[in-house]
file data30.pdb (PDB, C-alpha atoms and all ligand atoms)
ATOM      1  CA  MET A  25       2.588  -1.121 -21.950
ATOM      2  CA  TYR A  26       1.402  -0.152 -18.467
ATOM      3  CA  LEU A  27       2.623  -1.783 -15.277
ATOM      4  CA  CYS A  28       0.097  -1.949 -12.449
ATOM      5  CA  TYR A  29       1.532  -2.581  -8.978
ATOM      6  CA  LEU A  30      -0.922  -4.247  -6.609
ATOM      7  CA  ASP A  31      -0.967  -4.082  -2.861
ATOM      8  CA  GLU A  32      -3.446  -4.627  -0.078
ATOM      9  CA  SER A  33      -3.996  -3.104   3.336
ATOM     10  CA  GLY A  34      -5.865  -4.694   6.200
ATOM     11  CA  THR A  35      -6.861  -8.347   6.161
ATOM     12  CA  PRO A  36      -9.919  -9.817   4.436
ATOM     13  CA  GLU A  37     -10.480 -12.067   7.464
ATOM     14  CA  PRO A  38     -12.907 -10.890  10.173
ATOM     15  CA  GLY A  39     -11.495  -8.906  13.092
ATOM     16  CA  GLY A  40      -8.656  -6.407  13.317
ATOM     17  CA  THR A  41      -9.264  -3.781  10.665
ATOM     18  CA  SER A  42     -12.782  -2.613   9.707
ATOM     19  CA  HIS A  43     -11.853  -2.292   6.007
ATOM     20  CA  PHE A  44      -9.949  -4.292   3.450
ATOM     21  CA  VAL A  45      -8.285  -2.322   0.640
ATOM     22  CA  LEU A  46      -6.906  -3.655  -2.622
ATOM     23  CA  LEU A  47      -5.124  -1.092  -4.744
ATOM     24  CA  GLY A  48      -3.363  -0.919  -8.100
ATOM     25  CA  MET A  49      -0.948   1.869  -9.015
ATOM     26  CA  ALA A  50      -0.303   1.949 -12.760
ATOM     27  CA  LEU A  51       2.264   3.753 -14.850
ATOM     28  CA  PRO A  52       3.516   3.463 -18.430
ATOM     29  CA  ALA A  53       6.542   1.165 -18.618
ATOM     30  CA  THR A  54       8.358   3.991 -20.414
ATOM     31  CA  SER A  55       8.014   6.169 -17.262
ATOM     32  CA  TRP A  56       9.372   3.536 -14.922
ATOM     33  CA  LYS A  57      13.058   4.473 -15.045
ATOM     34  CA  ARG A  58      12.439   8.147 -14.361
ATOM     35  CA  ARG A  59       9.977   7.499 -11.526
ATOM     36  CA  ASP A  60      12.152   4.834  -9.937
ATOM     37  CA  ALA A  61      15.102   7.271  -9.974
ATOM     38  CA  GLU A  62      12.941   9.919  -8.268
ATOM     39  CA  VAL A  63      12.029   7.470  -5.494
ATOM     40  CA  SER A  64      15.696   6.553  -4.995
ATOM     41  CA  ALA A  65      16.652  10.237  -4.787
ATOM     42  CA  LEU A  66      13.988  10.897  -2.135
ATOM     43  CA  LYS A  67      15.062   7.882  -0.098
ATOM     44  CA  THR A  68      18.689   8.983  -0.230
ATOM     45  CA  LYS A  69      17.728  12.536   0.742
ATOM     46  CA  HIS A  70      15.941  11.135   3.805
ATOM     47  CA  ARG A  71      18.831   8.792   4.703
ATOM     48  CA  LEU A  72      17.129   5.525   3.829
ATOM     49  CA  SER A  73      19.044   4.799   0.579
ATOM     50  CA  ARG A  74      18.373   1.192  -0.448
ATOM     51  CA  GLU A  75      16.094   0.112   2.357
ATOM     52  CA  GLU A  76      12.463  -0.808   1.801
ATOM     53  CA  VAL A  77       9.791   1.795   2.565
ATOM     54  CA  HIS A  78       7.160  -0.022   4.596
ATOM     55  CA  THR A  79       4.720   2.692   5.555
ATOM     56  CA  ALA A  80       2.839   1.030   8.415
ATOM     57  CA  TRP A  81       6.059   0.087  10.234
ATOM     58  CA  MET A  82       7.658   3.473   9.579
ATOM     59  CA  LEU A  83       4.698   5.379  10.984
ATOM     60  CA  ARG A  84       4.627   3.566  14.304
ATOM     61  CA  ARG A  85       6.071   5.185  17.402
ATOM     62  CA  TYR A  86       9.213   3.525  18.692
ATOM     63  CA  PRO A  87       9.037   4.162  22.465
ATOM     64  CA  GLU A  88      12.527   2.763  23.101
ATOM     65  CA  GLN A  89      13.892   5.367  20.681
ATOM     66  CA  GLU A  90      11.847   8.219  22.132
ATOM     67  CA  ARG A  91      13.245   7.756  25.627
ATOM     68  CA  ILE A  92      16.884   8.196  24.507
ATOM     69  CA  ALA A  93      18.130  11.567  25.769
ATOM     70  CA  ASP A  94      19.361  14.003  23.102
ATOM     71  CA  PHE A  95      18.699  11.450  20.375
ATOM     72  CA  THR A  96      18.651  14.093  17.647
ATOM     73  CA  ALA A  97      22.128  15.310  18.636
ATOM     74  CA  LEU A  98      23.616  11.892  17.712
ATOM     75  CA  ASP A  99      24.824  10.867  14.259
ATOM     76  CA  ASP A 100      23.151   7.917  12.520
ATOM     77  CA  ALA A 101      25.600   5.265  13.762
ATOM     78  CA  ALA A 102      25.304   6.481  17.354
ATOM     79  CA  ARG A 103      21.501   6.583  17.054
ATOM     80  CA  ARG A 104      21.458   2.974  15.892
ATOM     81  CA  ALA A 105      23.758   1.884  18.699
ATOM     82  CA  ALA A 106      21.658   3.704  21.319
ATOM     83  CA  VAL A 107      18.452   2.053  20.062
ATOM     84  CA  ARG A 108      20.144  -1.358  20.095
ATOM     85  CA  THR A 109      21.057  -0.864  23.756
ATOM     86  CA  GLU A 110      17.484   0.130  24.654
ATOM     87  CA  ARG A 111      16.089  -2.830  22.746
ATOM     88  CA  LYS A 112      18.382  -5.253  24.565
ATOM     89  CA  ALA A 113      17.106  -3.930  27.881
ATOM     90  CA  ASP A 114      13.482  -4.239  26.709
ATOM     91  CA  LEU A 115      14.051  -7.805  25.531
ATOM     92  CA  ALA A 116      15.422  -8.724  28.946
ATOM     93  CA  LYS A 117      12.237  -7.319  30.524
ATOM     94  CA  ALA A 118      10.048  -9.103  27.959
ATOM     95  CA  SER A 119      11.704 -12.448  28.738
ATOM     96  CA  LEU A 120      10.200 -12.215  32.245
ATOM     97  CA  ARG A 121       6.762 -12.252  30.606
ATOM     98  CA  GLY A 122       7.478 -15.387  28.564
ATOM     99  CA  PRO A 123       8.562 -16.537  25.086
ATOM    100  CA  SER A 124       5.664 -15.019  23.149
ATOM    101  CA  ALA A 125       6.464 -11.538  24.498
ATOM    102  CA  VAL A 126      10.055 -11.975  23.319
ATOM    103  CA  LYS A 127       8.902 -13.286  19.943
ATOM    104  CA  ASN A 128       6.615 -10.280  19.366
ATOM    105  CA  ARG A 129       9.354  -7.844  20.304
ATOM    106  CA  LEU A 130      11.851  -9.531  17.989
ATOM    107  CA  ARG A 131       9.374  -9.375  15.112
ATOM    108  CA  ASP A 132       8.747  -5.646  15.690
ATOM    109  CA  TYR A 133      12.467  -4.962  15.967
ATOM    110  CA  LYS A 134      13.219  -6.793  12.731
ATOM    111  CA  LYS A 135      10.480  -4.923  10.829
ATOM    112  CA  THR A 136      11.699  -1.538  12.061
ATOM    113  CA  GLU A 137      15.449  -2.110  12.177
ATOM    114  CA  ALA A 138      16.086  -0.183   8.944
ATOM    115  CA  TYR A 139      14.415   2.954  10.342
ATOM    116  CA  VAL A 140      15.690   3.273  13.920
ATOM    117  CA  HIS A 141      18.185   6.030  13.038
ATOM    118  CA  LEU A 142      15.285   8.245  11.929
ATOM    119  CA  THR A 143      12.983  10.029  14.370
ATOM    120  CA  PHE A 144       9.230   9.723  13.928
ATOM    121  CA  GLY A 145       9.223  13.176  12.326
ATOM    122  CA  GLU A 146      11.979  12.199   9.884
ATOM    123  CA  ARG A 147      10.173   8.994   8.898
ATOM    124  CA  LEU A 148       6.930  10.876   8.412
ATOM    125  CA  ALA A 149       8.712  13.486   6.279
ATOM    126  CA  LEU A 150       9.926  10.791   3.875
ATOM    127  CA  VAL A 151       6.495   9.157   3.600
ATOM    128  CA  ARG A 152       4.901  12.565   2.985
ATOM    129  CA  ASP A 153       7.482  13.444   0.305
ATOM    130  CA  LEU A 154       6.807  10.152  -1.469
ATOM    131  CA  ALA A 155       3.032  10.725  -1.293
ATOM    132  CA  ASP A 156       3.521  14.253  -2.658
ATOM    133  CA  ALA A 157       5.631  12.881  -5.503
ATOM    134  CA  ILE A 158       2.927  10.364  -6.441
ATOM    135  CA  GLY A 159       0.373  13.165  -6.279
ATOM    136  CA  THR A 160       2.272  15.157  -8.919
ATOM    137  CA  TRP A 161       2.967  12.239 -11.273
ATOM    138  CA  ASN A 162       0.395  12.838 -13.977
ATOM    139  CA  ASP A 163       1.399   9.665 -15.841
ATOM    140  CA  VAL A 164       0.367   7.561 -12.833
ATOM    141  CA  VAL A 165      -3.179   6.394 -12.235
ATOM    142  CA  ILE A 166      -4.555   4.575  -9.194
ATOM    143  CA  PHE A 167      -7.460   2.133  -8.877
ATOM    144  CA  ALA A 168      -8.680   0.800  -5.546
ATOM    145  CA  ASP A 169     -11.537  -0.927  -3.840
ATOM    146  CA  SER A 170     -12.141  -0.365  -0.155
ATOM    147  CA  GLY A 171     -14.599  -2.867   1.287
ATOM    148  CA  MET A 172     -16.252  -2.453   4.664
ATOM    149  CA  LYS A 173     -15.797  -5.955   6.041
ATOM    150  CA  SER A 174     -19.099  -6.031   7.921
ATOM    151  CA  ALA A 175     -20.919  -5.513   4.580
ATOM    152  CA  HIS A 176     -19.482  -8.796   3.296
ATOM    153  CA  HIS A 177     -20.801 -10.883   6.190
ATOM    154  CA  GLY A 178     -17.423 -12.319   7.050
ATOM    155  CA  ALA A 179     -16.565 -14.062   3.769
ATOM    156  CA  PRO A 180     -12.867 -13.251   3.307
ATOM    157  CA  LYS A 181     -12.367 -14.974  -0.056
ATOM    158  CA  ARG A 182     -15.407 -13.245  -1.508
ATOM    159  CA  LEU A 183     -14.234  -9.888  -0.195
ATOM    160  CA  PHE A 184     -10.831 -10.371  -1.786
ATOM    161  CA  SER A 185     -12.268 -11.589  -5.131
ATOM    162  CA  PHE A 186     -14.712  -8.698  -5.239
ATOM    163  CA  ALA A 187     -11.949  -6.124  -4.698
ATOM    164  CA  PHE A 188      -9.615  -7.759  -7.198
ATOM    165  CA  GLU A 189     -12.350  -7.904  -9.845
ATOM    166  CA  GLN A 190     -12.989  -4.165  -9.348
ATOM    167  CA  VAL A 191      -9.327  -3.225  -9.705
ATOM    168  CA  VAL A 192      -8.789  -5.467 -12.759
ATOM    169  CA  THR A 193     -11.920  -4.119 -14.474
ATOM    170  CA  ARG A 194     -11.022  -0.480 -13.808
ATOM    171  CA  PHE A 195      -7.470  -1.042 -15.084
ATOM    172  CA  HIS A 196      -8.875  -2.652 -18.234
ATOM    173  CA  HIS A 197     -11.265   0.276 -18.863
ATOM    174  CA  TYR A 198      -8.433   2.732 -18.327
ATOM    175  CA  LEU A 199      -6.230   0.944 -20.887
ATOM    176  CA  THR A 200      -9.113   0.862 -23.351
ATOM    177  CA  ALA A 201      -9.543   4.636 -22.934
ATOM    178  CA  VAL A 202      -5.801   5.206 -23.488
ATOM    179  CA  GLY A 203      -6.258   3.364 -26.796
ATOM    180  CA  GLY A 204      -3.619   2.599 -29.400
ATOM    181  CA  GLY A 205      -3.603  -1.106 -28.523
ATOM    182  CA  VAL A 206      -1.789  -0.480 -25.226
ATOM    183  CA  VAL A 207      -1.736  -3.474 -22.849
ATOM    184  CA  GLY A 208      -1.212  -3.835 -19.105
ATOM    185  CA  LEU A 209       0.623  -6.207 -16.827
ATOM    186  CA  MET A 210       0.048  -6.560 -13.095
ATOM    187  CA  VAL A 211       2.813  -6.919 -10.518
ATOM    188  CA  GLN A 212       2.222  -8.047  -6.956
ATOM    189  CA  ASP A 213       4.240  -8.401  -3.797
ATOM    190  CA  ASN A 214       5.211 -12.038  -3.339
ATOM    191  CA  ASN A 215       2.632 -13.304  -0.905
ATOM    192  CA  PRO A 216       2.340 -17.100  -0.954
ATOM    193  CA  THR A 217      -1.127 -17.174   0.635
ATOM    194  CA  ALA A 218      -2.648 -14.801  -1.919
ATOM    195  CA  ALA A 219      -0.610 -15.993  -4.931
ATOM    196  CA  ASP A 220      -2.644 -19.101  -5.771
ATOM    197  CA  HIS A 221      -5.962 -17.391  -5.265
ATOM    198  CA  LEU A 222      -4.927 -14.376  -7.343
ATOM    199  CA  THR A 223      -3.539 -16.479 -10.182
ATOM    200  CA  THR A 224      -6.684 -18.642 -10.309
ATOM    201  CA  LEU A 225      -8.940 -15.582 -10.323
ATOM    202  CA  MET A 226      -6.938 -13.974 -13.111
ATOM    203  CA  ARG A 227      -7.061 -17.143 -15.215
ATOM    204  CA  ASP A 228     -10.855 -17.180 -14.776
ATOM    205  CA  PHE A 229     -11.038 -13.540 -15.889
ATOM    206  CA  HIS A 230      -8.961 -14.336 -18.988
ATOM    207  CA  ASP A 231     -11.264 -17.278 -19.802
ATOM    208  CA  SER A 232     -14.624 -15.679 -19.069
ATOM    209  CA  GLY A 233     -14.077 -11.962 -18.396
ATOM    210  CA  THR A 234     -15.034 -10.170 -15.212
ATOM    211  CA  LYS A 235     -18.649  -9.395 -14.354
ATOM    212  CA  TRP A 236     -18.273  -6.088 -16.241
ATOM    213  CA  ALA A 237     -15.804  -6.603 -19.050
ATOM    214  CA  SER A 238     -13.785  -9.058 -21.078
ATOM    215  CA  ILE A 239     -10.343  -7.973 -20.042
ATOM    216  CA  ASP A 240      -8.582  -8.150 -23.402
ATOM    217  CA  ARG A 241      -6.264  -5.210 -22.577
ATOM    218  CA  ILE A 242      -4.521  -7.066 -19.716
ATOM    219  CA  VAL A 243      -1.993  -9.824 -20.344
ATOM    220  CA  GLU A 244      -0.676 -12.625 -18.116
ATOM    221  CA  THR A 245      -1.469 -13.448 -14.517
ATOM    222  CA  PRO A 246       0.091 -11.084 -11.935
ATOM    223  CA  LEU A 247       3.864 -11.395 -11.682
ATOM    224  CA  PHE A 248       5.231 -11.741  -8.172
ATOM    225  CA  VAL A 249       8.205  -9.715  -7.013
ATOM    226  CA  ASP A 250      10.064  -9.111  -3.767
ATOM    227  CA  SER A 251       8.728  -5.842  -2.322
ATOM    228  CA  ARG A 252      12.018  -5.237  -0.504
ATOM    229  CA  LEU A 253      13.650  -4.688  -3.898
ATOM    230  CA  THR A 254      10.826  -3.107  -5.862
ATOM    231  CA  ALA A 255      10.191   0.556  -5.101
ATOM    232  CA  MET A 256       6.884   0.759  -6.984
ATOM    233  CA  VAL A 257       5.350  -2.015  -4.885
ATOM    234  CA  GLN A 258       6.407  -0.024  -1.824
ATOM    235  CA  LEU A 259       4.568   3.010  -3.196
ATOM    236  CA  ALA A 260       1.463   0.902  -3.836
ATOM    237  CA  ASP A 261       1.788  -0.173  -0.190
ATOM    238  CA  LEU A 262       1.975   3.485   0.892
ATOM    239  CA  CYS A 263      -1.168   4.285  -1.125
ATOM    240  CA  SER A 264      -3.189   1.310   0.140
ATOM    241  CA  PHE A 265      -2.210   2.205   3.713
ATOM    242  CA  ALA A 266      -3.340   5.823   3.155
ATOM    243  CA  VAL A 267      -6.666   4.649   1.687
ATOM    244  CA  ARG A 268      -7.435   2.283   4.546
ATOM    245  CA  ARG A 269      -6.554   4.874   7.186
ATOM    246  CA  PHE A 270      -8.836   7.380   5.460
ATOM    247  CA  PHE A 271     -11.838   5.055   5.592
ATOM    248  CA  GLU A 272     -11.120   3.651   9.037
ATOM    249  CA  ASN A 273      -9.911   6.702  10.938
ATOM    250  CA  GLY A 274     -10.732   9.667   8.702
ATOM    251  CA  GLU A 275      -6.993  10.383   8.327
ATOM    252  CA  THR A 276      -6.513  12.776   5.416
ATOM    253  CA  ASP A 277      -2.826  13.736   5.643
ATOM    254  CA  LEU A 278      -1.469  11.107   3.216
ATOM    255  CA  PHE A 279      -4.747  10.391   1.462
ATOM    256  CA  ASP A 280      -5.256  13.971   0.257
ATOM    257  CA  ARG A 281      -1.749  13.997  -1.221
ATOM    258  CA  ILE A 282      -2.574  11.088  -3.573
ATOM    259  CA  TYR A 283      -6.333  11.567  -4.037
ATOM    260  CA  GLY A 284      -5.908  13.411  -7.355
ATOM    261  CA  ARG A 285      -4.304  10.329  -8.933
ATOM    262  CA  PHE A 286      -7.356   8.035  -8.700
ATOM    263  CA  ASP A 287      -8.861   7.411 -12.107
ATOM    264  CA  ARG A 288     -11.586   9.816 -13.168
ATOM    265  CA  THR A 289     -13.868   9.990 -16.186
ATOM    266  CA  GLY A 290     -14.231  13.731 -16.630
ATOM    267  CA  SER A 291     -14.804  14.948 -13.089
ATOM    268  CA  LYS A 292     -16.427  11.702 -11.920
ATOM    269  CA  LEU A 293     -14.297   9.512  -9.690
ATOM    270  CA  VAL A 294     -14.253   5.947 -11.064
ATOM    271  CA  GLY A 295     -10.938   4.623  -9.739
ATOM    272  CA  LEU A 296     -11.837   4.383  -6.051
ATOM    273  CA  ARG A 297     -14.887   2.714  -4.619
ATOM    274  CA  HIS A 298     -16.003   2.547  -1.009
ATOM    275  CA  TYR A 299     -18.155  -0.559  -0.718
ATOM    276  CA  THR A 300     -20.466  -0.435   2.305
ATOM    277  CA  GLY A 301     -23.286  -2.738   1.097
ATOM    278  CA  LYS A 302     -26.682  -1.422   2.192
ATOM    279  CA  THR A 303     -25.149   0.980   4.718
ATOM    280  CA  PRO A 304     -25.434   4.543   3.349
ATOM    281  CA  CYS A 305     -22.212   6.558   3.319
ATOM    282  CA  GLN A 306     -21.613  10.231   2.620
ATOM    283  CA  CYS A 307     -17.801  10.297   2.745
ATOM    284  CA  LYS A 308     -16.168  12.397   0.022
ATOM    285  CA  VAL A 309     -15.262   9.291  -1.991
ATOM    286  CA  CYS A 310     -18.888   8.093  -2.032
ATOM    287  CA  VAL A 311     -20.040  11.618  -2.984
ATOM    288  CA  ASP A 312     -17.419  11.960  -5.761
ATOM    289  CA  HIS A 313     -18.194   8.440  -6.954
ATOM    290  CA  GLY A 314     -21.873   9.385  -7.232
ATOM    291  CA  ARG A 315     -23.291   6.576  -5.114
TER     292      ARG A 315
HETATM  293 ZN    ZN A 401     -17.984   6.200   1.758
END
call {"tool": "encode", "arguments": {"input": "data30.pdb", "output": "structure tokens"}}
result
Amino acid sequence: MYLCYLDESGTPEPGGTSHFVLLGMALPATSWKRRDAEVSALKTKHRLSREEVHTAWMLRRYPEQERIADFTALDDAARRAAVRTERKADLAKASLRGPSAVKNRLRDYKKTEAYVHLTFGERLALVRDLADAIGTWNDVVIFADSGMKSAHHGAPKRLFSFAFEQVVTRFHHYLTAVGGGVVGLMVQDNNPTAADHLTTLMRDFHDSGTKWASIDRIVETPLFVDSRLTAMVQLADLCSFAVRRFFENGETDLFDRIYGRFDRTGSKLVGLRHYTGKTPCQCKVCVDHGR
């Protein structure tokens, strides 16, 4: 059996990001224990131990941390205490601008609280190490669809369905190629807004197949887990973040580390598609995909 961890980056709704990415990172269930242990070891090495890796929040700058003098000379407990003091001062300033300013600050602080003892460079080093690990895992295969939102004429549900259908179909074809009657199960971060839609879509695929295949190698509807406790979902999150940043900003640092893991048939890239509608694109993914 293969487990395929799903995650998305960007929003399918108009505005904000220019792309919406849905990604599946699959590995044989028999590899899970070894890979999970490797992730734990890397997190411990980088002083994050049991905390969730949330790439987008880790790779932000924390200005209140960066203005602390001699921050790197402090131990972890002192670093945390110093950041807490700075944050208190910033909250007091934000309260002069009104309740929504305070609310936004509190949300940012909560999302980044686990990482404030690490400098930007230390956080980046962990994310890079994890991306490098994924890049070397030859039992892992990635499937993703990156849709340019303007090519979908602002239909968020259609954009999401389209991407999901791509990922499910590619996963099915991969399992068929593995052979031996192997089946796959999908696992998704618990996201109440997407859960109903995803489950309904998957039921439809089981009943009638996708546009390209009857998906008899995949069982069940996606299972929902808590990403804070599930390292593989966090890695799928890292990968979907890297993919979106590649298409939106041309950032290659993380993307190049995992690019070799996208499914290929021979030398042809089949596991990653850049959908731009009628707009021509010559990015390396479109070239390797043979558009
Ligand atoms: Zn492209």
call {"tool": "resolve_selection", "arguments": {"input": "data30.pdb", "expression": "the PyMOL selection byres (((chain A and resi 240) around 10) and not hetatm)", "output": "list in words"}}
result
His196, His197, Leu199, Thr200, Val207, Gly208, Phe229, His230, Gly233, Ala237, Ser238, Ile239, Arg241, Ile242 and Val243 of chain A
call {"tool": "residues_near_ligand", "arguments": {"input": "data30.pdb", "ligand": "ligand ZN 401 (chain A)", "cutoff": "12 Å", "atoms": "all atoms listed in the file", "output": "number ranges by chain"}}
result
A: 43, 169-172, 267-268, 270-272, 274, 296-315
call {"tool": "closest_residue", "arguments": {"input": "data30.pdb", "among": "A:His141, A:Lys69, A:Arg58, A:His176", "to": "A:Leu98", "atoms": "only C-alpha atoms"}}
result
A:His141
call {"tool": "resolve_selection", "arguments": {"input": "data30.pdb", "expression": "the PyMOL selection byres (((chain A and resi 259) around 10) and not hetatm)", "output": "PDB file with C-alpha atoms, in the frame of the given file"}}
result
ATOM      1  CA  TYR A  29       1.532  -2.581  -8.978  1.00  0.00           C
ATOM      2  CA  LEU A  30      -0.922  -4.247  -6.609  1.00  0.00           C
ATOM      3  CA  ASP A  31      -0.967  -4.082  -2.861  1.00  0.00           C
ATOM      4  CA  MET A  49      -0.948   1.869  -9.015  1.00  0.00           C
ATOM      5  CA  VAL A  63      12.029   7.470  -5.494  1.00  0.00           C
ATOM      6  CA  VAL A  77       9.791   1.795   2.565  1.00  0.00           C
ATOM      7  CA  HIS A  78       7.160  -0.022   4.596  1.00  0.00           C
ATOM      8  CA  THR A  79       4.720   2.692   5.555  1.00  0.00           C
ATOM      9  CA  VAL A 151       6.495   9.157   3.600  1.00  0.00           C
ATOM     10  CA  LEU A 154       6.807  10.152  -1.469  1.00  0.00           C
ATOM     11  CA  ALA A 155       3.032  10.725  -1.293  1.00  0.00           C
ATOM     12  CA  ILE A 158       2.927  10.364  -6.441  1.00  0.00           C
ATOM     13  CA  SER A 251       8.728  -5.842  -2.322  1.00  0.00           C
ATOM     14  CA  THR A 254      10.826  -3.107  -5.862  1.00  0.00           C
ATOM     15  CA  ALA A 255      10.191   0.556  -5.101  1.00  0.00           C
ATOM     16  CA  MET A 256       6.884   0.759  -6.984  1.00  0.00           C
ATOM     17  CA  VAL A 257       5.350  -2.015  -4.885  1.00  0.00           C
ATOM     18  CA  GLN A 258       6.407  -0.024  -1.824  1.00  0.00           C
ATOM     19  CA  ALA A 260       1.463   0.902  -3.836  1.00  0.00           C
ATOM     20  CA  ASP A 261       1.788  -0.173  -0.190  1.00  0.00           C
ATOM     21  CA  LEU A 262       1.975   3.485   0.892  1.00  0.00           C
ATOM     22  CA  CYS A 263      -1.168   4.285  -1.125  1.00  0.00           C
ATOM     23  CA  SER A 264      -3.189   1.310   0.140  1.00  0.00           C
ATOM     24  CA  PHE A 265      -2.210   2.205   3.713  1.00  0.00           C
TER      25      PHE A 265
END
call {"tool": "closest_residue", "arguments": {"input": "data30.pdb", "among": "A:Arg281, A:Arg147, A:Lys181, A:Arg121", "to": "A:His221", "atoms": "all atoms listed in the file"}}
result
A:Lys181
call {"tool": "closest_residue", "arguments": {"input": "data30.pdb", "among": "A:Ala97, A:Val126, A:Ala219, A:Leu83", "to": "A:Ala113", "atoms": "all atoms listed in the file"}}
result
A:Val126
call {"tool": "decode", "arguments": {"input": "data30.pdb", "residues": "stretch 35-56 of chain A", "atoms": "N, CA and C atoms", "output": "short mmCIF file (atom, residue, chain, number, x, y, z; two decimals), in the first residue's frame"}}
result
data_model
loop_
_atom_site.label_atom_id
_atom_site.label_comp_id
_atom_site.auth_asym_id
_atom_site.auth_seq_id
_atom_site.Cartn_x
_atom_site.Cartn_y
_atom_site.Cartn_z
N THR A 35 -4.72 30.04 -2.42
CA THR A 35 -6.16 29.81 -2.29
C THR A 35 -6.77 29.71 -3.67
N PRO A 36 -7.81 28.86 -3.85
CA PRO A 36 -8.44 28.81 -5.17
C PRO A 36 -9.28 30.06 -5.47
N GLU A 37 -9.62 30.81 -4.43
CA GLU A 37 -10.43 32.02 -4.63
C GLU A 37 -9.61 33.10 -5.33
N PRO A 38 -10.29 34.01 -6.06
CA PRO A 38 -9.55 35.08 -6.74
C PRO A 38 -8.81 35.98 -5.73
N GLY A 39 -7.76 36.61 -6.20
CA GLY A 39 -7.01 37.54 -5.34
C GLY A 39 -5.92 36.84 -4.56
N GLY A 40 -5.04 37.61 -3.96
CA GLY A 40 -3.93 37.05 -3.18
C GLY A 40 -2.89 36.43 -4.09
N THR A 41 -2.83 35.11 -4.09
CA THR A 41 -1.80 34.42 -4.86
C THR A 41 -2.19 34.33 -6.33
N SER A 42 -1.21 34.24 -7.24
CA SER A 42 -1.54 34.11 -8.66
C SER A 42 -1.77 32.64 -9.04
N HIS A 43 -1.27 31.71 -8.23
CA HIS A 43 -1.41 30.28 -8.51
C HIS A 43 -2.05 29.54 -7.34
N PHE A 44 -2.71 28.45 -7.70
CA PHE A 44 -3.20 27.52 -6.68
C PHE A 44 -2.53 26.17 -6.95
N VAL A 45 -1.93 25.59 -5.90
CA VAL A 45 -1.21 24.33 -6.06
C VAL A 45 -1.87 23.25 -5.18
N LEU A 46 -2.13 22.11 -5.79
CA LEU A 46 -2.54 20.94 -5.01
C LEU A 46 -1.49 19.87 -5.25
N LEU A 47 -1.02 19.26 -4.18
CA LEU A 47 0.12 18.36 -4.29
C LEU A 47 -0.11 17.09 -3.47
N GLY A 48 0.36 15.98 -3.99
CA GLY A 48 0.33 14.72 -3.25
C GLY A 48 1.73 14.14 -3.16
N MET A 49 2.15 13.80 -1.96
CA MET A 49 3.47 13.18 -1.77
C MET A 49 3.22 11.74 -1.31
N ALA A 50 3.64 10.78 -2.13
CA ALA A 50 3.30 9.38 -1.84
C ALA A 50 4.53 8.58 -1.46
N LEU A 51 4.32 7.65 -0.55
CA LEU A 51 5.40 6.72 -0.19
C LEU A 51 4.79 5.38 0.19
N PRO A 52 5.55 4.29 0.02
CA PRO A 52 5.02 2.98 0.43
C PRO A 52 4.80 2.98 1.94
N ALA A 53 3.72 2.38 2.39
CA ALA A 53 3.44 2.34 3.83
C ALA A 53 4.60 1.68 4.58
N THR A 54 5.28 0.75 3.92
CA THR A 54 6.39 0.05 4.58
C THR A 54 7.60 0.97 4.80
N SER A 55 7.66 2.12 4.10
CA SER A 55 8.76 3.07 4.29
C SER A 55 8.46 4.08 5.38
N TRP A 56 7.19 4.14 5.79
CA TRP A 56 6.75 5.25 6.63
C TRP A 56 7.57 5.38 7.91
#
